[in-house]
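Enquirer: You'll find start_34.csv just under this line, and it carries CSV, C-alpha atoms.
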chain,number,residue,atom,x,y,z
S,1,MET,CA,103.8,-57.3,-87.5
S,2,SER,CA,102.9,-59.8,-90.2
S,3,ALA,CA,102.0,-59.1,-93.8
S,4,GLU,CA,98.5,-59.6,-94.9
S,5,PRO,CA,98.5,-62.5,-97.5
S,6,PHE,CA,97.3,-62.2,-101.0
S,7,LEU,CA,93.9,-64.0,-101.2
S,8,PRO,CA,92.5,-64.3,-104.7
S,9,THR,CA,88.8,-64.1,-105.1
S,10,PRO,CA,87.5,-67.6,-105.7
S,11,SER,CA,84.9,-66.9,-108.4
S,12,THR,CA,86.9,-64.5,-110.6
S,13,ALA,CA,90.5,-63.9,-111.8
S,14,PRO,CA,92.4,-61.9,-109.2
S,15,ARG,CA,92.7,-58.2,-109.5
S,16,PHE,CA,95.4,-56.1,-107.8
S,17,GLY,CA,95.5,-52.6,-106.6
S,18,VAL,CA,98.1,-49.9,-107.5
S,19,TRP,CA,97.8,-47.2,-104.9
S,20,LEU,CA,99.6,-44.1,-106.1
S,21,ILE,CA,101.0,-41.3,-103.8
S,22,GLY,CA,100.6,-38.2,-106.0
S,23,ALA,CA,97.7,-39.9,-107.9
S,24,ARG,CA,96.7,-36.8,-109.8
S,25,GLY,CA,100.1,-35.8,-111.0
S,26,SER,CA,101.5,-36.1,-114.5
S,27,VAL,CA,103.3,-39.4,-113.9
S,28,ALA,CA,100.3,-41.1,-112.2
S,29,THR,CA,97.9,-39.8,-114.8
S,30,THR,CA,100.1,-41.0,-117.7
S,31,ALA,CA,100.5,-44.4,-116.0
S,32,ILE,CA,96.7,-44.9,-115.5
S,33,ALA,CA,95.8,-43.7,-119.0
S,34,GLY,CA,98.7,-45.7,-120.5
S,35,CYS,CA,97.8,-48.9,-118.7
S,36,ALA,CA,94.2,-48.7,-119.9
S,37,ALA,CA,95.3,-47.9,-123.5
S,38,VAL,CA,97.8,-50.8,-123.6
S,39,ALA,CA,95.4,-53.2,-122.0
S,40,ALA,CA,92.8,-52.3,-124.6
S,41,GLY,CA,95.2,-52.8,-127.5
S,42,LEU,CA,95.1,-49.1,-128.4
S,43,HIS,CA,98.8,-48.6,-128.1
S,44,PRO,CA,101.9,-50.9,-127.9
S,45,ALA,CA,103.7,-51.3,-124.5
S,46,THR,CA,106.7,-49.3,-125.6
S,47,GLY,CA,109.0,-48.7,-122.6
S,48,MET,CA,107.6,-51.5,-120.5
S,49,VAL,CA,110.4,-54.0,-119.7
S,50,THR,CA,107.9,-56.4,-118.2
S,51,GLU,CA,106.2,-56.8,-121.6
S,52,THR,CA,109.4,-58.1,-123.2
S,53,ALA,CA,110.2,-61.8,-123.7
S,54,PRO,CA,112.2,-62.5,-120.5
S,55,PHE,CA,109.2,-61.6,-118.3
S,56,THR,CA,106.3,-63.2,-120.2
S,57,SER,CA,106.3,-66.4,-118.0
S,58,CYS,CA,106.9,-64.8,-114.6
S,59,GLY,CA,103.3,-64.8,-113.4
S,60,LEU,CA,103.1,-61.0,-113.4
S,61,PRO,CA,99.6,-59.6,-113.0
S,62,SER,CA,98.1,-58.6,-116.4
S,63,LEU,CA,97.6,-54.9,-117.1
S,64,SER,CA,93.9,-55.5,-117.3
S,65,SER,CA,93.9,-56.8,-113.7
S,66,LEU,CA,95.3,-53.6,-112.2
S,67,VAL,CA,92.9,-51.2,-110.3
S,68,PHE,CA,94.1,-47.7,-109.5
S,69,GLY,CA,93.6,-45.4,-106.6
S,70,GLY,CA,95.7,-43.2,-104.4
S,71,HIS,CA,96.3,-40.1,-102.2
S,72,ASP,CA,96.8,-36.6,-103.4
S,73,THR,CA,96.5,-33.1,-102.1
S,74,LEU,CA,95.3,-31.8,-105.5
S,75,ASP,CA,91.6,-31.8,-106.5
S,76,CYS,CA,91.9,-31.6,-110.4
S,77,PRO,CA,90.0,-34.7,-111.6
S,78,LEU,CA,92.0,-37.3,-113.6
S,79,PRO,CA,90.0,-36.8,-116.8
S,80,LYS,CA,90.7,-33.1,-116.8
S,81,ARG,CA,94.4,-33.7,-115.9
S,82,ALA,CA,94.6,-36.1,-118.9
S,83,GLU,CA,93.1,-33.5,-121.2
S,84,HIS,CA,95.8,-31.0,-120.1
S,85,LEU,CA,98.5,-33.6,-120.7
S,86,ALA,CA,97.1,-34.4,-124.2
S,87,ALA,CA,97.1,-30.7,-125.0
S,88,GLY,CA,100.8,-30.5,-124.1
S,89,GLY,CA,101.6,-33.5,-126.3
S,90,VAL,CA,102.3,-35.9,-123.4
S,91,LEU,CA,99.3,-38.1,-124.1
S,92,PRO,CA,98.2,-38.9,-127.7
S,93,HIS,CA,95.4,-36.8,-129.0
S,94,GLY,CA,92.1,-38.5,-128.3
S,95,LEU,CA,93.4,-40.9,-125.7
S,96,PRO,CA,91.7,-39.1,-122.7
S,97,SER,CA,88.3,-39.7,-124.4
S,98,ALA,CA,89.1,-43.3,-125.3
S,99,VAL,CA,90.0,-44.2,-121.7
S,100,HIS,CA,87.6,-41.8,-120.0
S,101,ALA,CA,85.8,-44.5,-118.1
S,102,GLU,CA,89.0,-45.9,-116.6
S,103,LEU,CA,90.1,-42.4,-115.6
S,104,VAL,CA,86.8,-41.7,-113.9
S,105,ALA,CA,86.9,-45.0,-112.0
S,106,ALA,CA,90.5,-44.3,-110.8
S,107,ASP,CA,89.6,-40.8,-109.8
S,108,ARG,CA,86.7,-42.1,-107.6
S,109,GLU,CA,89.4,-44.0,-105.6
S,110,ILE,CA,91.6,-41.0,-104.8
S,111,ARG,CA,91.6,-39.8,-101.2
S,112,PRO,CA,92.8,-36.6,-99.7
S,113,GLY,CA,96.5,-36.7,-98.8
S,114,GLY,CA,98.3,-34.6,-96.3
S,115,PRO,CA,99.4,-33.0,-94.1
S,116,LEU,CA,98.2,-29.8,-95.8
S,117,PRO,CA,100.1,-26.6,-95.3
S,118,GLY,CA,98.3,-24.2,-92.9
S,119,ALA,CA,95.7,-26.9,-91.8
S,120,PRO,CA,95.5,-28.1,-88.2
S,121,ALA,CA,98.1,-30.8,-87.9
S,122,PRO,CA,97.0,-34.2,-86.8
S,123,THR,CA,99.6,-36.4,-85.1
S,124,GLN,CA,101.9,-38.5,-87.2
S,125,GLU,CA,100.3,-41.6,-85.8
S,126,ALA,CA,96.8,-40.4,-86.7
S,127,LEU,CA,97.9,-39.6,-90.3
S,128,ILE,CA,99.6,-43.0,-90.8
S,129,ASP,CA,96.5,-44.7,-89.4
S,130,ALA,CA,94.2,-42.7,-91.7
S,131,PHE,CA,96.3,-43.4,-94.8
S,132,ALA,CA,96.5,-47.1,-94.0
S,133,SER,CA,92.7,-47.2,-93.5
S,134,ASP,CA,92.2,-45.6,-96.9
S,135,ILE,CA,94.4,-48.3,-98.5
S,136,ARG,CA,92.7,-51.2,-96.7
S,137,ASP,CA,89.3,-49.8,-97.6
S,138,PHE,CA,90.3,-49.7,-101.2
S,139,VAL,CA,91.4,-53.3,-101.2
S,140,ARG,CA,88.1,-54.4,-99.5
S,141,ARG,CA,85.8,-52.2,-101.6
S,142,GLN,CA,87.3,-53.4,-104.9
S,143,ASP,CA,87.6,-57.0,-103.7
S,144,LEU,CA,91.3,-57.1,-104.6
S,145,ALA,CA,93.8,-59.9,-104.1
S,146,GLY,CA,96.2,-57.3,-102.7
S,147,ALA,CA,97.8,-53.9,-103.5
S,148,VAL,CA,101.1,-52.2,-103.9
S,149,VAL,CA,101.8,-48.6,-102.9
S,150,VAL,CA,103.9,-46.5,-105.3
S,151,ASN,CA,105.2,-43.0,-104.4
S,152,VAL,CA,105.2,-40.8,-107.6
S,153,ALA,CA,104.6,-37.4,-105.8
S,154,SER,CA,106.8,-34.4,-106.2
S,155,THR,CA,110.2,-34.4,-104.6
S,156,GLU,CA,110.3,-33.2,-101.0
S,157,PRO,CA,113.4,-31.7,-99.2
S,158,ALA,CA,115.3,-34.1,-96.9
S,159,PRO,CA,114.1,-33.9,-93.3
S,160,THR,CA,116.0,-31.6,-91.0
S,161,ASP,CA,114.7,-33.1,-87.7
S,162,ASP,CA,113.4,-36.4,-86.3
S,163,SER,CA,109.8,-36.0,-87.5
S,164,LEU,CA,108.6,-38.1,-90.4
S,165,PRO,CA,108.2,-36.2,-93.7
S,166,PRO,CA,105.0,-36.9,-95.8
S,167,SER,CA,106.7,-39.5,-97.9
S,168,SER,CA,107.6,-41.5,-94.8
S,169,LEU,CA,104.1,-41.2,-93.4
S,170,TYR,CA,102.8,-42.8,-96.6
S,171,ALA,CA,105.5,-45.5,-96.5
S,172,ALA,CA,104.6,-46.4,-93.0
S,173,ALA,CA,100.9,-46.5,-93.9
S,174,ALA,CA,101.7,-48.9,-96.8
S,175,LEU,CA,103.4,-51.3,-94.5
S,176,ARG,CA,100.7,-51.0,-91.9
S,177,ALA,CA,98.1,-51.8,-94.6
S,178,GLY,CA,100.2,-54.9,-95.5
S,179,CYS,CA,101.2,-53.7,-98.9
S,180,PRO,CA,104.6,-53.8,-100.8
S,181,TYR,CA,106.0,-50.3,-101.2
S,182,VAL,CA,107.9,-48.7,-104.1
S,183,ASN,CA,109.5,-45.2,-103.8
S,184,PHE,CA,109.9,-43.8,-107.3
S,185,THR,CA,111.0,-40.4,-105.9
S,186,PRO,CA,114.1,-39.1,-104.2
S,187,SER,CA,112.1,-38.3,-101.1
S,188,THR,CA,112.9,-40.1,-97.8
S,189,GLY,CA,110.1,-42.7,-97.7
S,190,LEU,CA,111.3,-45.8,-95.9
S,191,HIS,CA,114.9,-44.5,-95.7
S,192,HIS,CA,114.0,-42.7,-92.5
S,193,PRO,CA,115.8,-44.3,-89.5
S,194,ALA,CA,112.6,-44.3,-87.5
S,195,LEU,CA,111.1,-46.8,-90.0
S,196,ALA,CA,114.0,-49.3,-90.2
S,197,ALA,CA,112.5,-51.6,-87.6
S,198,LEU,CA,109.1,-51.4,-89.1
S,199,ALA,CA,110.4,-52.3,-92.6
S,200,GLU,CA,112.4,-55.2,-91.3
S,201,SER,CA,109.6,-56.7,-89.2
S,202,SER,CA,106.8,-56.2,-91.8
S,203,GLY,CA,107.6,-59.2,-93.9
S,204,LEU,CA,106.9,-57.1,-97.0
S,205,PRO,CA,109.0,-56.4,-100.1
S,206,TYR,CA,110.0,-52.8,-100.9
S,207,ALA,CA,112.0,-51.0,-103.6
S,208,GLY,CA,113.3,-47.6,-104.5
S,209,ARG,CA,114.4,-44.9,-104.7
S,210,ASP,CA,114.3,-42.2,-107.4
S,211,GLY,CA,113.3,-43.6,-110.8
S,212,LYS,CA,116.1,-43.6,-113.4
S,213,THR,CA,114.5,-42.2,-116.5
S,214,GLY,CA,116.9,-40.0,-118.5
S,215,GLN,CA,120.1,-38.2,-117.6
S,216,THR,CA,121.1,-40.7,-114.9
S,217,LEU,CA,120.1,-43.7,-117.1
S,218,LEU,CA,122.7,-42.4,-119.6
S,219,ARG,CA,125.2,-41.9,-116.9
S,220,SER,CA,124.8,-45.5,-115.7
S,221,VAL,CA,125.9,-46.6,-119.2
S,222,LEU,CA,128.6,-44.0,-119.9
S,223,GLY,CA,130.3,-44.2,-116.5
S,224,PRO,CA,131.2,-47.9,-116.9
S,225,MET,CA,132.3,-47.3,-120.5
S,226,PHE,CA,134.9,-44.8,-119.3
S,227,LEU,CA,136.1,-47.1,-116.5
S,228,GLN,CA,136.3,-50.2,-118.8
S,229,ARG,CA,138.2,-48.3,-121.5
S,230,ALA,CA,140.6,-46.9,-118.8
S,231,LEU,CA,139.8,-43.3,-119.7
S,232,ALA,CA,140.3,-40.8,-116.9
S,233,VAL,CA,137.2,-38.7,-116.3
S,234,ARG,CA,138.4,-35.3,-115.0
S,235,ALA,CA,135.0,-33.5,-114.6
S,236,TRP,CA,131.3,-34.3,-115.2
S,237,SER,CA,128.9,-31.4,-115.1
S,238,GLY,CA,125.2,-31.3,-116.0
S,239,THR,CA,122.2,-29.0,-116.3
S,240,ASN,CA,118.5,-29.9,-116.2
S,241,LEU,CA,115.8,-27.6,-117.7
S,242,LEU,CA,112.3,-28.6,-116.8
S,243,GLY,CA,108.9,-27.3,-116.0
S,244,GLY,CA,105.6,-28.7,-114.7
S,245,GLY,CA,105.1,-29.8,-111.1
S,246,ASP,CA,108.6,-31.2,-110.8
S,247,GLY,CA,110.2,-28.1,-112.1
S,248,ALA,CA,108.4,-26.0,-109.4
S,249,ALA,CA,109.2,-28.5,-106.7
S,250,LEU,CA,112.9,-28.7,-107.6
S,251,ALA,CA,113.2,-24.9,-107.6
S,252,ASP,CA,113.5,-25.4,-103.8
S,253,PRO,CA,117.3,-25.9,-103.3
S,254,ALA,CA,116.7,-28.5,-100.6
S,255,ALA,CA,114.5,-30.6,-102.9
S,256,ALA,CA,117.0,-30.2,-105.7
S,257,ALA,CA,119.8,-31.4,-103.4
S,258,ALA,CA,117.8,-34.5,-102.6
S,259,LYS,CA,117.3,-35.1,-106.3
S,260,ASN,CA,121.0,-34.6,-107.2
S,261,ALA,CA,122.2,-37.0,-104.5
S,262,GLY,CA,121.1,-40.0,-106.6
S,263,LYS,CA,122.6,-38.6,-109.8
S,264,GLU,CA,126.0,-38.2,-108.0
S,265,ARG,CA,125.8,-41.6,-106.4
S,266,VAL,CA,125.7,-43.3,-109.9
S,267,LEU,CA,129.0,-41.6,-110.9
S,268,VAL,CA,130.7,-42.4,-107.6
S,269,ASP,CA,129.6,-46.1,-107.8
S,270,THR,CA,130.5,-46.5,-111.5
S,271,LEU,CA,133.8,-44.5,-111.6
S,272,GLY,CA,135.0,-45.3,-108.1
S,273,ALA,CA,135.2,-41.6,-107.1
S,274,ALA,CA,133.3,-38.4,-107.6
S,275,PRO,CA,134.7,-36.3,-110.5
S,276,GLU,CA,134.6,-32.5,-110.4
S,277,GLY,CA,131.4,-30.8,-111.4
S,278,GLU,CA,127.8,-30.4,-110.4
S,279,VAL,CA,124.3,-30.8,-111.7
S,280,HIS,CA,122.1,-27.7,-111.9
S,281,ILE,CA,118.4,-27.9,-112.1
S,282,ASP,CA,116.5,-24.9,-113.5
S,283,ASP,CA,112.7,-24.5,-113.4
S,284,VAL,CA,111.5,-23.3,-116.9
S,285,PRO,CA,107.6,-23.3,-116.6
S,286,ALA,CA,107.2,-22.9,-120.4
S,287,LEU,CA,108.6,-26.4,-120.9
S,288,GLY,CA,105.7,-28.0,-119.1
S,289,ASP,CA,106.3,-31.8,-118.8
S,290,TRP,CA,109.3,-31.8,-121.2
S,291,LYS,CA,112.9,-31.8,-120.0
S,292,THR,CA,116.3,-31.1,-121.5
S,293,ALA,CA,119.3,-32.6,-119.7
S,294,TRP,CA,122.8,-31.7,-120.8
S,295,ASP,CA,126.0,-33.3,-119.7
S,296,HIS,CA,129.6,-32.1,-120.3
S,297,ILE,CA,132.3,-34.7,-119.6
S,298,ALA,CA,135.9,-33.8,-119.7
S,299,PHE,CA,138.3,-36.8,-119.9
S,300,ASP,CA,141.9,-37.8,-120.6
S,301,GLY,CA,143.0,-40.2,-123.2
S,302,PHE,CA,146.4,-41.8,-124.1
S,303,LEU,CA,149.4,-39.6,-123.3
S,304,GLY,CA,147.2,-37.1,-121.6
S,305,ALA,CA,145.2,-36.1,-124.7
S,306,ARG,CA,142.3,-34.0,-123.4
S,307,MET,CA,138.9,-34.7,-124.8
S,308,VAL,CA,135.2,-33.9,-124.2
S,309,LEU,CA,132.0,-35.7,-124.6
S,310,GLN,CA,128.7,-33.8,-124.5
S,311,THR,CA,125.3,-35.3,-124.4
S,312,THR,CA,121.8,-33.8,-124.8
S,313,TRP,CA,118.7,-35.7,-123.7
S,314,GLN,CA,115.4,-34.2,-124.6
S,315,GLY,CA,112.3,-36.1,-123.4
S,316,CYS,CA,109.0,-36.2,-121.6
S,317,ASP,CA,109.6,-37.3,-118.0
S,318,SER,CA,106.0,-38.5,-117.5
S,319,ALA,CA,106.2,-40.7,-120.7
S,320,LEU,CA,109.6,-42.1,-119.6
S,321,ALA,CA,108.5,-42.7,-116.0
S,322,ALA,CA,105.0,-44.2,-116.5
S,323,PRO,CA,106.0,-47.5,-118.0
S,324,LEU,CA,108.6,-48.0,-115.3
S,325,VAL,CA,105.9,-47.4,-112.6
S,326,LEU,CA,103.7,-50.1,-114.2
S,327,ASP,CA,106.7,-52.4,-114.4
S,328,LEU,CA,107.6,-51.9,-110.7
S,329,ALA,CA,104.0,-52.3,-109.5
S,330,ARG,CA,103.7,-55.6,-111.3
S,331,LEU,CA,107.1,-56.9,-110.1
S,332,ALA,CA,106.4,-55.9,-106.5
S,333,VAL,CA,102.9,-57.6,-106.5
S,334,ARG,CA,104.5,-60.8,-107.9
S,335,ALA,CA,107.4,-60.6,-105.4
S,336,HIS,CA,104.8,-60.4,-102.5
S,337,GLU,CA,102.8,-63.2,-104.0
S,338,LYS,CA,106.0,-65.4,-104.1
S,339,GLY,CA,106.7,-64.6,-100.4
S,340,LEU,CA,109.7,-62.4,-100.9
S,341,SER,CA,110.4,-59.7,-98.3
S,342,GLY,CA,112.8,-56.9,-97.5
S,343,PRO,CA,114.7,-54.6,-100.0
S,344,LEU,CA,114.4,-55.8,-103.6
S,345,GLY,CA,118.0,-54.9,-104.6
S,346,GLU,CA,117.5,-56.7,-107.9
S,347,LEU,CA,115.2,-53.9,-109.0
S,348,GLY,CA,118.2,-51.4,-109.0
S,349,PHE,CA,117.8,-51.3,-112.8
S,350,TYR,CA,115.0,-48.8,-112.3
S,351,PHE,CA,116.5,-46.5,-109.7
S,352,LYS,CA,119.2,-43.9,-109.2
S,353,ASP,CA,119.7,-44.7,-105.5
S,354,PRO,CA,118.5,-48.3,-105.1
S,355,VAL,CA,117.9,-50.1,-101.8
S,356,GLY,CA,119.9,-53.2,-101.0
S,357,GLU,CA,123.2,-54.3,-102.5
S,358,GLY,CA,123.8,-54.5,-106.2
S,359,PRO,CA,125.8,-53.1,-109.2
S,360,SER,CA,125.5,-49.6,-110.6
S,361,SER,CA,126.2,-50.4,-114.2
S,362,LEU,CA,123.0,-50.6,-116.2
S,363,ALA,CA,124.1,-53.8,-118.1
S,364,GLU,CA,124.9,-55.5,-114.8
S,365,GLN,CA,121.6,-54.3,-113.3
S,366,TYR,CA,119.7,-55.7,-116.2
S,367,ALA,CA,121.3,-59.1,-115.7
S,368,GLU,CA,120.2,-58.9,-112.0
S,369,LEU,CA,116.7,-58.1,-113.2
S,370,ARG,CA,116.7,-61.0,-115.6
S,371,GLY,CA,117.7,-63.3,-112.7
S,372,PHE,CA,115.0,-61.8,-110.6
S,373,ALA,CA,112.5,-62.6,-113.3
S,374,GLY,CA,113.6,-66.2,-113.1
S,375,ARG,CA,112.9,-66.3,-109.4
S,376,LEU,CA,109.4,-65.1,-109.9
S,377,ARG,CA,108.5,-68.0,-112.2
S,378,ASP,CA,106.5,-70.7,-110.6
S,379,ASP,CA,109.3,-73.2,-111.4
S,380,GLY,CA,111.7,-71.0,-109.5
S,381,GLY,CA,113.6,-70.0,-112.6
S,382,VAL,CA,115.1,-73.4,-113.3
S,383,GLY,CA,116.9,-73.2,-116.6
S,384,ASP,CA,116.7,-69.4,-116.8
S,385,ASP,CA,119.8,-68.0,-118.6
S,386,ALA,CA,120.3,-65.4,-115.8
S,387,SER,CA,119.0,-67.2,-112.8
S,388,GLY,CA,122.4,-67.1,-111.1
S,389,ALA,CA,122.4,-63.3,-111.0
S,390,ALA,CA,119.4,-63.3,-108.6
S,391,GLU,CA,121.3,-65.2,-106.0
S,392,ARG,CA,123.6,-62.1,-105.6
S,393,GLY,CA,120.7,-59.8,-104.9
S,394,THR,CA,118.7,-59.1,-101.8
S,395,GLY,CA,115.0,-59.4,-101.1
S,396,ARG,CA,115.2,-63.0,-100.0
Now, as a test, write the supplied structure out as structure tokens.
Expert:
Amino acid sequence: MSAEPFLPTPSTAPRFGVWLIGARGSVATTAIAGCAAVAAGLHPATGMVTETAPFTSCGLPSLSSLVFGGHDTLDCPLPKRAEHLAAGGVLPHGLPSAVHAELVAADREIRPGGPLPGAPAPTQEALIDAFASDIRDFVRRQDLAGAVVVNVASTEPAPTDDSLPPSSLYAAAALRAGCPYVNFTPSTGLHHPALAALAESSGLPYAGRDGKTGQTLLRSVLGPMFLQRALAVRAWSGTNLLGGGDGAALADPAAAAAKNAGKERVLVDTLGAAPEGEVHIDDVPALGDWKTAWDHIAFDGFLGARMVLQTTWQGCDSALAAPLVLDLARLAVRAHEKGLSGPLGELGFYFKDPVGEGPSSLAEQYAELRGFAGRLRDDGGVGDDASGAAERGTGR
């Protein structure tokens, strides 16, 4: 299977598609509205790493060149969803009205997802074919130079048999449509063994999984700190309180287990072993899109002195995730344009459970990302201050 090349439209500047799985959810809506607001100069690009100095000469597609569409099983129109988010303080007051035209345009490009519970079940092959056809039609209809597929849907439980879960059906469809794929969720996606050969033969870049936005972001900084200062971590426990769609999805113990696997991996990779303790996730509907994450870290100092560090992270998951989704879409598009394929391990900076090989410390991951930025430049990153870091990554 060969990847479909990016073919810019001769008469106009190229535009690129961002096909979102879970396109009417909070993260997707925030990303679409936020992209329009930043592109129009209504708000600064706070939280977007690709808008900082090391990435300005990488040839990334501009925010104004991005065109949105996607799959979802929900039918709430994006403008209405944006109004709900503004009422909850996730989006600034007045922003849904300011970017109404962009939200309507994106909503027109959302197609029904599936499989739907209780509906007659098409075969897996038929679903993959239908999803891939939706993506290809989007690219043709909008006259796009190419597209990237990004999964931002709610977390699904890990599969218990050989069948492909929905996230893997969408991932297979992305590759079949010739698109790079990014899994921002803990769901299986391309990690399913049945898709390994397809991913390898596709000639396409892919990245994931499970966006690192809050509690685990902090863990990837604190874990190396304890190790480097030779402080012995005895136990590391945590609690997440959240509402919204994620809270409801993670009330399922199987979905919560899939989510927690990435959080635990960061501690194992940064500390060298798993400390005692667990992460508990509680659904609190009243919190809406806001989340509180608390960690309790018990550690030993010199002469066995017992100490404790406690952290509390209170934030809006959608506002933390949306700029990362835009970063990843731009980086994946550019990687495809540069002819890179396979797992993009250098994008581990963004994920709890990244594909490919790479470090787990946030500082080291950022160095890898800087090196990757150098590789994306048209001059190949010659003279970039972190270009050597990219050579240790994957995605070549």
Enquirer: Taking 2 positions as the minimum chain separation for residues in the same chain, which residues sit within 12 Å of segment 135-145 of chain S when counting all atoms listed in the file? Answer as JSON, numbers by chain.
Expert: {"S": [4, 5, 6, 7, 8, 9, 10, 11, 12, 13, 14, 15, 16, 17, 18, 19, 20, 21, 61, 65, 66, 67, 68, 69, 70, 71, 105, 106, 108, 109, 110, 111, 112, 113, 128, 129, 130, 131, 132, 133, 147, 148, 149, 150, 170, 171, 172, 173, 174, 175, 176, 177, 178, 179, 180, 333, 334, 336, 337]}
Enquirer: May I have the residues at most 10 Å from (109.9, -29.3, -113.0) in the file's coordinates, counting only C-alpha atoms, as a PyMOL selection string?
Expert: chain S and resi 154-155+240-251+281-285+287-291+317
Enquirer: Could you please give me, as a PyMOL selection string, the residues of protein, DNA or RNA lying at most 10 Å from (117.0, -56.3, -100.5) in the coordinate frame of the file, considering all atoms listed in the file?
Expert: chain S and resi 205-207+340-348+354-358+393-396
Enquirer: Using all atoms listed in the file, I'd like a table of the residues in segment 166-254 of chain S that come within 8 Å of segment 269-275 of chain S; for each, show the closest atom pair and its distance in Å rounded to one decimal, ordered by chain and ascending number, as CSV.
Expert:
residue,atom,partner,partner_atom,distance
S:Ser220,CA,S:Thr270,CA,7.2
S:Gly223,CA,S:Thr270,CA,5.5
S:Pro224,CA,S:Thr270,CA,5.6
S:Phe226,CA,S:Leu271,CA,7.8
S:Leu227,CA,S:Leu271,CA,6.0
S:Val233,CA,S:Pro275,CA,6.8
S:Arg234,CA,S:Pro275,CA,5.9
S:Ala235,CA,S:Pro275,CA,5.0
S:Trp236,CA,S:Pro275,CA,6.1
Enquirer: With only C-alpha atoms as the counted atoms, please give the residues lying no more than 7 Å from Ser167 of chain S, apart from itself and same-chain residues fewer than 4 positions off, as an NGL selection string.
Expert: :S and (171 or 187-189)
Enquirer: Write out the residues from the selection above, keeping C-alpha atoms, as a PDB file, keeping the file's coordinate frame.
Expert:
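Result file is selection.pdb:
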ATOM      1  CA  ALA S 171     105.500 -45.500 -96.500  1.00  0.00           C
ATOM      2  CA  SER S 187     112.100 -38.300-101.100  1.00  0.00           C
ATOM      3  CA  THR S 188     112.900 -40.100 -97.800  1.00  0.00           C
ATOM      4  CA  GLY S 189     110.100 -42.700 -97.700  1.00  0.00           C
TER       5      GLY S 189
END
Enquirer: Would you mind telling me which residue in S:Asp162, S:Gly315, S:Arg209, S:Leu218 lies nearest to Leu195 of chain S when using only C-alpha atoms?
Expert: S:Asp162
Enquirer: Using only C-alpha atoms, find the one residue out of S:Ala98, S:Ala158, S:Leu326, S:Leu169 that sits nearest to Pro122 of chain S.
Expert: S:Leu169
Enquirer: For each of S:Thr213, S:Ser62, S:Ser163, S:Ser318, take the minimum atom-to-atom distance to Ala293 of chain S, counting only C-alpha atoms, then give the residue where this is smallest.
Expert: S:Thr213
Enquirer: To one decimal place in Å, what is the distance between atom CA of Lys338 of chain S and atom CA of Gly208 of chain S?
Expert: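 Rounded to one decimal, the two atoms are 19.2 Å apart.
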Enquirer: Find the residue from S:Asp75, S:Glu125, S:Glu278, S:Asp134 that sits nearest to Arg24 of chain S; use only C-alpha atoms when measuring.
Expert: S:Asp75
Enquirer: Given the choices S:Ala319, S:Ala230, S:Leu74, S:Ala335, which gets closest to Ala33 of chain S if the distance is worked out from all atoms listed in the file?
Expert: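 Selected residue with least distance to Ala33 of chain S: S:Ala319.
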Enquirer: When you draw a straight line from atom CA of Arg81 of chain S to atom CA of Pro96 of chain S, how long is it in Å?
Expert: 9.1 Å
Enquirer: Could you tell me how far atom CA of Gly214 of chain S sits from atom CA of Val308 of chain S, in Å to one decimal place?
Expert: 20.1 Å
Enquirer: Using all atoms listed in the file for the distances, tell me which of S:Val99, S:Ala322, S:Arg229, S:Tyr181 is nearest to Ser26 of chain S.
Expert: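 Comparing S:Val99, S:Ala322, S:Arg229, S:Tyr181 against Ser26 of chain S, the winner is S:Ala322.
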